[in-house]
$ cat my_file-v4.txt   # compact mmCIF, C-alpha atoms
# COMPACT_ATOMS: atom_id res chain seq x y z
CA MET X 102 -11.54 -31.33 42.78
CA THR X 103 -11.67 -27.62 42.01
CA GLN X 104 -12.61 -26.24 38.59
CA THR X 105 -8.99 -25.24 37.94
CA GLN X 106 -7.83 -28.78 38.66
CA LYS X 107 -10.53 -30.15 36.37
CA ASN X 108 -9.46 -27.81 33.60
CA GLN X 109 -5.84 -28.84 34.07
CA GLN X 110 -6.78 -32.50 33.97
CA ASP X 111 -8.69 -31.93 30.71
CA PHE X 112 -5.73 -30.03 29.34
CA ASP X 113 -3.33 -32.86 30.25
CA ASP X 114 -5.61 -35.49 28.75
CA LEU X 115 -6.04 -33.51 25.56
CA ASN X 116 -2.30 -33.20 25.16
CA ARG X 117 -1.65 -36.88 25.71
CA ASN X 118 -2.18 -39.53 23.06
CA THR X 119 -5.49 -41.14 22.13
CA ASP X 120 -5.66 -42.84 25.55
CA GLY X 121 -5.95 -39.42 27.15
CA PHE X 122 -8.56 -38.45 24.62
CA ALA X 123 -10.51 -41.65 25.33
CA GLN X 124 -10.83 -40.42 28.92
CA ILE X 125 -12.13 -37.10 27.67
CA ILE X 126 -14.75 -38.99 25.64
CA ASP X 127 -15.73 -41.01 28.73
CA ARG X 128 -16.11 -37.84 30.81
CA TYR X 129 -18.08 -35.77 28.32
CA THR X 130 -20.13 -38.21 26.22
CA ASP X 131 -23.31 -37.72 28.24
CA PHE X 132 -22.81 -33.98 28.22
CA THR X 133 -22.30 -33.61 24.47
CA PHE X 134 -25.09 -36.04 23.66
CA ALA X 135 -27.54 -34.30 26.02
CA VAL X 136 -26.91 -30.86 24.55
CA ALA X 137 -27.09 -32.12 20.97
CA PHE X 138 -30.22 -34.13 21.74
CA ARG X 139 -31.99 -31.16 23.29
CA LEU X 140 -31.22 -29.10 20.24
CA LEU X 141 -32.03 -31.74 17.62
CA ASN X 142 -34.59 -33.98 19.40
CA ASN X 143 -33.32 -36.97 17.51
CA HIS X 144 -31.18 -39.81 18.86
CA GLU X 145 -29.20 -40.57 15.71
CA ASP X 146 -28.61 -36.93 14.76
CA ALA X 147 -27.49 -36.11 18.30
CA LYS X 148 -25.10 -39.06 18.24
CA ASP X 149 -23.60 -37.96 14.92
CA ILE X 150 -23.22 -34.36 16.07
CA SER X 151 -21.61 -35.48 19.34
CA GLN X 152 -19.12 -37.61 17.43
CA ASP X 153 -18.36 -34.73 15.11
CA ALA X 154 -17.87 -32.49 18.13
CA PHE X 155 -15.30 -34.88 19.60
CA VAL X 156 -13.44 -35.17 16.29
CA LYS X 157 -13.36 -31.36 16.03
CA LEU X 158 -12.12 -31.22 19.61
CA TRP X 159 -9.32 -33.65 18.72
CA GLU X 160 -8.33 -31.63 15.67
CA ASN X 161 -8.18 -28.41 17.69
CA ARG X 162 -6.93 -29.85 20.98
CA LYS X 163 -3.73 -27.78 20.89
CA LYS X 164 -5.78 -24.60 21.02
CA TYR X 165 -7.42 -25.43 24.35
CA ASN X 166 -6.80 -22.86 27.02
CA PRO X 167 -7.07 -24.40 30.53
CA LYS X 168 -8.25 -21.05 31.90
CA ILE X 169 -11.71 -21.75 30.50
CA LYS X 170 -13.91 -24.78 31.12
CA LEU X 171 -13.75 -27.48 28.47
CA THR X 172 -17.54 -27.68 28.57
CA THR X 173 -17.76 -24.05 27.43
CA TRP X 174 -15.69 -24.94 24.41
CA LEU X 175 -17.74 -28.07 23.79
CA TYR X 176 -20.97 -26.06 24.04
CA LYS X 177 -19.58 -23.80 21.36
CA ILE X 178 -18.66 -26.67 19.04
CA ILE X 179 -21.96 -28.48 19.54
CA THR X 180 -24.24 -25.45 19.20
CA ASN X 181 -22.45 -24.26 16.07
CA THR X 182 -22.64 -27.70 14.49
CA CYS X 183 -26.29 -28.08 15.50
CA LEU X 184 -27.17 -24.61 14.22
CA ASP X 185 -25.69 -25.44 10.83
CA TYR X 186 -27.59 -28.70 10.82
CA LEU X 187 -30.89 -27.07 11.84
CA LYS X 188 -30.56 -24.40 9.18
CA LYS X 189 -30.23 -27.10 6.55
CA GLN X 190 -33.29 -29.00 7.80
CA LYS X 191 -36.60 -27.93 6.36
CA ASN X 192 -39.19 -30.63 6.88
CA GLN X 193 -40.42 -30.66 10.42
CA PRO X 194 -43.49 -32.46 11.79
CA ASP X 195 -46.48 -30.64 13.25
CA SER X 196 -45.66 -29.86 16.87
CA GLU X 197 -49.33 -29.56 17.96
CA LYS X 198 -49.90 -33.20 17.13
CA ILE X 199 -46.84 -34.34 19.06
CA LEU X 200 -47.85 -32.34 22.13
CA ASN X 201 -51.34 -33.84 22.08
CA THR X 202 -50.06 -37.40 21.80
CA LEU X 203 -47.93 -37.16 24.97
CA PRO X 204 -49.48 -38.67 28.12
CA GLU X 205 -50.39 -36.25 30.95
CA THR X 206 -47.92 -38.04 33.26
CA ALA X 207 -45.13 -36.92 30.95
CA PHE X 208 -45.52 -33.40 32.35
CA LEU X 209 -45.14 -34.27 36.03
CA PRO X 210 -41.84 -32.97 37.43
CA ASP X 211 -40.73 -36.15 39.18
CA THR X 212 -41.43 -38.47 36.28
CA LYS X 213 -38.43 -40.31 34.86
CA LEU X 214 -38.48 -39.99 31.14
CA GLU X 215 -37.00 -41.94 28.31
CA ASN X 216 -34.93 -40.22 25.62
CA LYS X 217 -37.85 -40.59 23.26
CA GLN X 218 -40.23 -38.75 25.58
CA ILE X 219 -37.72 -36.02 26.34
CA GLY X 220 -37.16 -35.55 22.63
CA GLU X 221 -40.88 -35.44 21.94
CA ILE X 222 -41.51 -32.84 24.62
CA ILE X 223 -38.70 -30.62 23.43
CA GLN X 224 -39.72 -31.10 19.84
CA ALA X 225 -43.32 -30.27 20.63
CA LEU X 226 -42.32 -27.17 22.54
CA SER X 227 -39.61 -25.77 20.36
CA ASN X 228 -40.18 -27.15 16.92
CA GLU X 229 -41.34 -23.90 15.39
CA LEU X 230 -38.72 -21.77 17.06
CA THR X 231 -35.91 -20.45 14.90
CA PRO X 232 -32.55 -22.19 15.37
CA LYS X 233 -31.29 -19.15 17.31
CA GLN X 234 -34.32 -19.06 19.62
CA LYS X 235 -34.07 -22.80 20.19
CA THR X 236 -30.37 -22.61 21.02
CA VAL X 237 -30.87 -19.76 23.45
CA PHE X 238 -33.84 -21.52 25.08
CA VAL X 239 -31.95 -24.80 25.50
CA LEU X 240 -28.78 -23.15 26.80
CA SER X 241 -30.57 -20.78 29.12
CA ASP X 242 -33.59 -22.67 30.48
CA LEU X 243 -32.48 -26.29 30.17
CA GLU X 244 -28.70 -26.05 30.57
CA GLU X 245 -29.11 -23.11 32.99
CA LEU X 246 -26.24 -21.07 31.57
CA SER X 247 -25.87 -17.36 32.22
CA ALA X 248 -26.27 -14.72 29.51
CA ASP X 249 -22.51 -14.14 29.61
CA GLU X 250 -21.79 -17.80 28.98
CA ILE X 251 -24.37 -18.00 26.17
CA SER X 252 -22.88 -14.90 24.62
CA GLU X 253 -19.42 -16.47 24.73
CA ILE X 254 -20.69 -19.74 23.26
CA THR X 255 -22.93 -18.42 20.50
CA GLY X 256 -21.24 -15.12 19.77
CA MET X 257 -24.59 -13.32 20.11
CA SER X 258 -24.89 -10.05 21.99
CA LYS X 259 -26.70 -10.03 25.31
CA SER X 260 -29.60 -8.03 23.89
CA THR X 261 -30.01 -10.56 21.06
CA ILE X 262 -29.99 -13.37 23.60
CA LYS X 263 -32.63 -11.65 25.74
CA SER X 264 -34.81 -10.94 22.76
CA ASN X 265 -34.56 -14.50 21.40
CA LEU X 266 -35.23 -15.97 24.83
CA TYR X 267 -38.26 -13.73 25.33
CA HIS X 268 -39.80 -14.83 22.03
CA ALA X 269 -38.95 -18.49 22.69
CA ARG X 270 -40.53 -18.48 26.15
CA ASN X 271 -43.62 -16.66 24.93
CA TYR X 272 -44.05 -19.12 22.12
CA ILE X 273 -43.67 -22.15 24.40
CA LYS X 274 -46.07 -20.70 26.98
CA SER X 275 -48.63 -20.11 24.26
CA LYS X 276 -48.30 -23.77 23.27
CA LEU X 277 -49.01 -24.92 26.83
CA ILE X 278 -52.08 -22.80 27.55
CA MET N 486 -47.29 -20.77 33.72
CA GLN N 487 -47.20 -23.65 36.21
CA LYS N 488 -47.22 -26.09 33.34
CA TYR N 489 -44.33 -24.25 31.75
CA ASN N 490 -42.29 -24.36 34.98
CA ASN N 491 -43.12 -28.04 35.47
CA ILE N 492 -41.94 -28.94 32.03
CA ILE N 493 -38.74 -26.92 32.30
CA LYS N 494 -38.00 -28.56 35.67
CA LEU N 495 -38.77 -31.96 34.20
CA LEU N 496 -36.47 -31.41 31.27
CA GLN N 497 -33.70 -30.13 33.54
CA GLN N 498 -33.96 -33.19 35.77
CA ASN N 499 -34.10 -35.66 32.91
CA SER N 500 -30.95 -35.42 30.91
CA PRO N 501 -30.88 -37.56 27.77
CA LYS N 502 -28.24 -40.28 27.91
CA LEU N 503 -26.51 -42.30 25.30
CA ALA N 504 -27.01 -46.06 25.70
CA ASP N 505 -24.21 -47.49 23.54
CA LYS N 506 -21.23 -45.51 24.81
CA THR N 507 -18.64 -48.16 23.97
CA GLU N 508 -19.57 -48.20 20.32
CA PHE N 509 -19.79 -44.40 20.32
CA LYS N 510 -16.28 -44.08 21.75
CA ALA N 511 -14.88 -46.73 19.42
CA GLN N 512 -16.23 -44.88 16.39
CA ILE N 513 -14.62 -41.59 17.45
CA LEU N 514 -11.27 -43.23 18.18
CA GLN N 515 -11.44 -45.06 14.87
CA GLU N 516 -12.04 -41.75 13.10
CA ILE N 517 -9.08 -40.20 14.94
CA GLN N 518 -6.84 -43.16 14.10
CA LYS N 519 -7.87 -42.80 10.46
CA GLN N 520 -6.81 -39.17 10.56
CA ASN N 521 -3.55 -40.02 12.28
CA LYS N 522 -2.69 -42.58 9.59
CA GLN N 523 -2.71 -40.04 6.80
CA PRO N 524 -0.88 -37.07 8.18
CA LYS N 525 1.79 -37.09 5.44
CA SER N 526 -0.61 -36.59 2.55
CA VAL N 527 -2.64 -34.03 4.49
CA LEU N 528 0.55 -32.25 5.47
CA PHE N 529 1.76 -32.35 1.87
CA ILE N 530 -1.51 -30.87 0.56
CA ARG N 531 -1.45 -28.17 3.23
CA MET N 532 2.20 -27.38 2.48
CA SER N 533 1.55 -27.33 -1.27
CA LYS N 534 -1.26 -24.85 -0.75
CA GLN N 535 0.96 -22.69 1.41
CA ILE N 536 3.83 -22.82 -1.10
CA LEU N 537 1.49 -21.92 -3.98
CA THR N 538 0.04 -19.02 -2.02
CA LEU N 539 3.52 -17.81 -1.15
CA ALA N 540 4.73 -18.10 -4.75
CA ALA N 541 1.67 -16.22 -6.02
CA SER N 542 2.26 -13.48 -3.44
CA VAL N 543 5.92 -13.15 -4.45
CA LEU N 544 5.01 -12.96 -8.15
CA LEU N 545 2.38 -10.33 -7.44
CA LEU N 546 4.87 -8.34 -5.39
CA LEU N 547 7.46 -8.55 -8.18
CA PHE N 548 4.91 -7.41 -10.73
CA VAL N 549 3.89 -4.44 -8.57
CA TRP N 550 7.53 -3.57 -7.99
CA GLN N 551 8.35 -3.68 -11.71
CA GLU N 552 5.32 -1.51 -12.45
CA TYR N 553 6.44 0.94 -9.79
CA ILE N 554 9.96 1.13 -11.23
CA PHE N 555 8.60 1.54 -14.77
CA LEU N 556 6.17 4.27 -13.77
CA ASN N 557 8.89 6.05 -11.86
CA LYS N 558 11.14 6.02 -14.93
CA ILE N 559 8.39 7.30 -17.19
CA THR N 560 7.45 10.05 -14.74
CA ALA N 561 11.08 11.11 -14.36
CA LEU N 562 11.51 11.20 -18.13
CA GLU N 563 8.35 13.23 -18.63
CA GLN N 564 9.44 15.70 -15.98
CA LYS N 565 12.87 15.97 -17.53
CA ILE N 566 11.44 16.62 -20.97
CA GLN N 567 9.02 19.22 -19.65
CA SER N 568 11.56 21.07 -17.58
CA TYR N 569 14.04 20.96 -20.40
CA SER N 570 11.55 22.25 -22.93
CA ARG N 571 10.36 25.07 -20.65
CA LYS N 572 13.77 26.28 -19.61
CA HIS N 573 15.99 25.97 -22.62
CA ILE N 574 14.16 25.18 -25.75
CA THR N 575 13.07 27.90 -28.01
CA THR N 576 12.92 26.17 -31.32
CA TYR N 577 11.22 22.99 -32.21
CA LYS N 578 14.32 21.55 -33.77
CA THR N 579 16.32 21.97 -30.59
CA LYS N 580 13.56 20.29 -28.63
CA TYR N 581 13.91 17.16 -30.69
CA TYR N 582 17.60 17.20 -30.26
CA ALA N 583 17.29 17.67 -26.50
CA VAL N 584 14.92 14.79 -26.16
CA TYR N 585 17.08 12.61 -28.31
CA LYS N 586 20.02 13.37 -26.06
CA ILE N 587 18.03 12.62 -22.95
CA LEU N 588 16.91 9.27 -24.29
CA ASN N 589 20.32 8.39 -25.67
CA PRO N 590 22.82 9.99 -23.31
CA ALA N 591 25.64 7.66 -24.37
CA GLU N 592 25.27 8.39 -28.08
CA ASN N 593 27.90 10.79 -29.32
CA ARG N 594 25.94 11.62 -32.42
CA THR N 595 23.78 14.37 -33.74
CA ILE N 596 20.53 14.10 -35.52
CA ASN N 597 20.25 14.17 -39.27
CA HIS N 598 19.09 17.76 -39.47
CA LYS N 599 17.93 17.52 -43.01
CA PHE N 600 15.76 14.53 -42.29
CA MET N 601 14.44 16.17 -39.16
CA ASN N 602 13.64 19.37 -40.96
CA GLN N 603 11.62 17.46 -43.48
CA LYS N 604 9.64 15.83 -40.71
CA LEU N 605 9.19 19.08 -38.90
CA ALA N 606 8.01 20.93 -41.92
CA LYS N 607 4.85 18.89 -41.83
CA ILE N 608 4.00 19.87 -38.29
CA LYS N 609 2.85 23.30 -37.29
CA PHE N 610 3.93 24.20 -33.84
CA GLU N 611 4.02 27.48 -31.98
CA ASN N 612 7.23 28.25 -30.18
CA ASN N 613 5.77 29.34 -26.88
CA ALA N 614 3.20 26.55 -26.61
CA GLU N 615 2.48 25.79 -22.97
CA SER N 616 -1.05 24.42 -23.05
CA HIS N 617 -1.60 20.78 -22.16
CA GLU N 618 -2.87 19.95 -25.61
CA LYS N 619 0.18 21.40 -27.28
CA GLN N 620 2.52 19.74 -24.83
CA SER N 621 0.85 16.43 -25.54
CA VAL N 622 1.17 16.93 -29.32
CA PHE N 623 4.77 17.85 -28.76
CA ARG N 624 5.56 14.70 -26.78
CA HIS N 625 3.70 12.51 -29.20
CA THR N 626 5.63 13.98 -32.10
CA ILE N 627 8.94 13.58 -30.31
CA PHE N 628 8.40 9.90 -29.66
CA ARG N 629 7.18 9.33 -33.20
CA PHE N 630 10.18 11.11 -34.53
CA ILE N 631 12.67 9.22 -32.40
CA GLU N 632 11.08 5.94 -33.40
CA ASN N 633 11.45 6.71 -37.06
CA ALA N 634 14.56 8.85 -37.27
CA ALA N 635 17.87 7.10 -37.70
CA PRO N 636 20.73 9.13 -36.28
CA GLU N 637 23.56 9.90 -38.59
CA LYS N 638 27.19 10.35 -37.83
CA GLN N 639 28.53 13.85 -37.95

$ encode --input "my_file-v4.txt" --output "structure tokens"
Amino acid sequence: MTQTQKNQQDFDDLNRNTDGFAQIIDRYTDFTFAVAFRLLNNHEDAKDISQDAFVKLWENRKKYNPKIKLTTWLYKIITNTCLDYLKKQKNQPDSEKILNTLPETAFLPDTKLENKQIGEIIQALSNELTPKQKTVFVLSDLEELSADEISEITGMSKSTIKSNLYHARNYIKSKLI
Amino acid sequence: MQKYNNIIKLLQQNSPKLADKTEFKAQILQEIQKQNKQPKSVLFIRMSKQILTLAASVLLLLFVWQEYIFLNKITALEQKIQSYSRKHITTYKTKYYAVYKILNPAENRTINHKFMNQKLAKIKFENNAESHEKQSVFRHTIFRFIENAAPEKQ
């Protein structure tokens, strides 16, 4: 199935009743949860944000343009919701401690990790980043999106994205040395 | 650097997954159903807001329009008085009469000259006064006079 066909299918499902929307939920649950989890590092928060994202998608389903990927739109909804959430959060645990408590095997590329471990690694690496830096890091390095796509999702300029990504990477590298 | 690349690769390969998808989906659909059940009230509130906004806009527009009309009338009257006083009026008495006629074009009456003379006697005014201050005193006096003076039949 080509991307255009996928977009059209999403468009059709969004414009059907709740049965169509249930299919959208089936298709994109893992996606929304993964993005929210990587940004928030918490199972329950990520679940709540994902649900909110789907409800927002339902409310605005008539505005969907099948020329763009639905995931791009979902990225936008999730990152904006997560950014608001992160800005409100103040108390964060010490990332050094978390990094030290992880087993060495957790850093081997072929290791299968549990949600908890993934969350702990991300939290340890990016806990002290600003919400913007964290978002750019997750979208660029973990979700492997291009600068253009990140710009479209977050509304940041390319230079802001580059600058935030540079600081985020430098910070994470300094944590690992 | 190697450690950094390893961790990024690891995180890319391991995507977090939600275990209880059925419950997750049920909760979203329940929320959507809840929203669908109360569209009338939501619609009513939205419409009420829109109607109120529209009514406020119309009122504001009417107010602005009335102000515009009023200002236009005042400006026209001022201009008329000024042009009339510059062109034709040589005596103070005639100025009062002219203004009275402008303000009351339908009235086929003349002013009580005796009464007006008494009023005028109290005010010193130079015939060829063109300065702003004198014009202002002149207008003020005219309006005061017209307010107080009762016209008398000839």

$ closest_residue --input "my_file-v4.txt" --among "X:Thr130, X:Gln104, X:Gln110, X:Thr261" --to "chain N" --atoms "all atoms listed in the file"
X:Thr130

$ interface_residues --input "my_file-v4.txt" --of "chain X" --to "chain N" --cutoff "8 Å" --atoms "all atoms listed in the file" --output "PyMOL selection string"
chain X and resi 119+123+126-127+130-131+134-135+138-139+148+152+155-156+159+208-216+219+242-244+273-274+277

$ write_last_selection --input "my_file-v4.txt" --atoms "C-alpha atoms" --output "short mmCIF file (atom, residue, chain, number, x, y, z; two decimals), in the coordinates of the input"
data_model
loop_
_atom_site.label_atom_id
_atom_site.label_comp_id
_atom_site.auth_asym_id
_atom_site.auth_seq_id
_atom_site.Cartn_x
_atom_site.Cartn_y
_atom_site.Cartn_z
CA THR X 119 -5.49 -41.14 22.13
CA ALA X 123 -10.51 -41.65 25.33
CA ILE X 126 -14.75 -38.99 25.64
CA ASP X 127 -15.73 -41.01 28.73
CA THR X 130 -20.13 -38.21 26.22
CA ASP X 131 -23.31 -37.72 28.24
CA PHE X 134 -25.09 -36.04 23.66
CA ALA X 135 -27.54 -34.30 26.02
CA PHE X 138 -30.22 -34.13 21.74
CA ARG X 139 -31.99 -31.16 23.29
CA LYS X 148 -25.10 -39.06 18.24
CA GLN X 152 -19.12 -37.61 17.43
CA PHE X 155 -15.30 -34.88 19.60
CA VAL X 156 -13.44 -35.17 16.29
CA TRP X 159 -9.32 -33.65 18.72
CA PHE X 208 -45.52 -33.40 32.35
CA LEU X 209 -45.14 -34.27 36.03
CA PRO X 210 -41.84 -32.97 37.43
CA ASP X 211 -40.73 -36.15 39.18
CA THR X 212 -41.43 -38.47 36.28
CA LYS X 213 -38.43 -40.31 34.86
CA LEU X 214 -38.48 -39.99 31.14
CA GLU X 215 -37.00 -41.94 28.31
CA ASN X 216 -34.93 -40.22 25.62
CA ILE X 219 -37.72 -36.02 26.34
CA ASP X 242 -33.59 -22.67 30.48
CA LEU X 243 -32.48 -26.29 30.17
CA GLU X 244 -28.70 -26.05 30.57
CA ILE X 273 -43.67 -22.15 24.40
CA LYS X 274 -46.07 -20.70 26.98
CA LEU X 277 -49.01 -24.92 26.83
#

$ atom_distance --input "my_file-v4.txt" --atom1 "atom CA of X:Lys188" --atom2 "atom CA of X:Asn143"
15.3 Å

$ atom_distance --input "my_file-v4.txt" --atom1 "atom CA of N:Ile554" --atom2 "atom CA of N:Leu537"
25.6 Å

$ atom_distance --input "my_file-v4.txt" --atom1 "atom CA of X:Pro167" --atom2 "atom CA of X:Leu115"
10.4 Å

$ residues_around --input "my_file-v4.txt" --residues "X:Val239" --least-positions-apart "3" --cutoff "12 Å" --atoms "all atoms listed in the file" --output "compact mmCIF listing (two decimals) with C-alpha atoms, keeping the file's coordinate frame"
# COMPACT_ATOMS: atom_id res chain seq x y z
CA ALA X 135 -27.54 -34.30 26.02
CA VAL X 136 -26.91 -30.86 24.55
CA ALA X 137 -27.09 -32.12 20.97
CA PHE X 138 -30.22 -34.13 21.74
CA ARG X 139 -31.99 -31.16 23.29
CA LEU X 140 -31.22 -29.10 20.24
CA LEU X 141 -32.03 -31.74 17.62
CA ASN X 142 -34.59 -33.98 19.40
CA TYR X 176 -20.97 -26.06 24.04
CA THR X 180 -24.24 -25.45 19.20
CA CYS X 183 -26.29 -28.08 15.50
CA ILE X 223 -38.70 -30.62 23.43
CA GLN X 224 -39.72 -31.10 19.84
CA LEU X 226 -42.32 -27.17 22.54
CA SER X 227 -39.61 -25.77 20.36
CA LEU X 230 -38.72 -21.77 17.06
CA PRO X 232 -32.55 -22.19 15.37
CA LYS X 233 -31.29 -19.15 17.31
CA GLN X 234 -34.32 -19.06 19.62
CA LYS X 235 -34.07 -22.80 20.19
CA THR X 236 -30.37 -22.61 21.02
CA ASP X 242 -33.59 -22.67 30.48
CA LEU X 243 -32.48 -26.29 30.17
CA GLU X 244 -28.70 -26.05 30.57
CA GLU X 245 -29.11 -23.11 32.99
CA LEU X 246 -26.24 -21.07 31.57
CA SER X 247 -25.87 -17.36 32.22
CA ILE X 251 -24.37 -18.00 26.17
CA ILE X 262 -29.99 -13.37 23.60
CA ASN X 265 -34.56 -14.50 21.40
CA LEU X 266 -35.23 -15.97 24.83
CA ALA X 269 -38.95 -18.49 22.69
CA ARG X 270 -40.53 -18.48 26.15
CA ILE N 493 -38.74 -26.92 32.30
CA LEU N 496 -36.47 -31.41 31.27
CA GLN N 497 -33.70 -30.13 33.54
CA SER N 500 -30.95 -35.42 30.91

$ residues_around --input "my_file-v4.txt" --residues "X:Lys164" --least-positions-apart "6" --cutoff "12 Å" --atoms "all atoms listed in the file" --output "ChimeraX atom specification"
/X:112,115-116,157-158,171,174
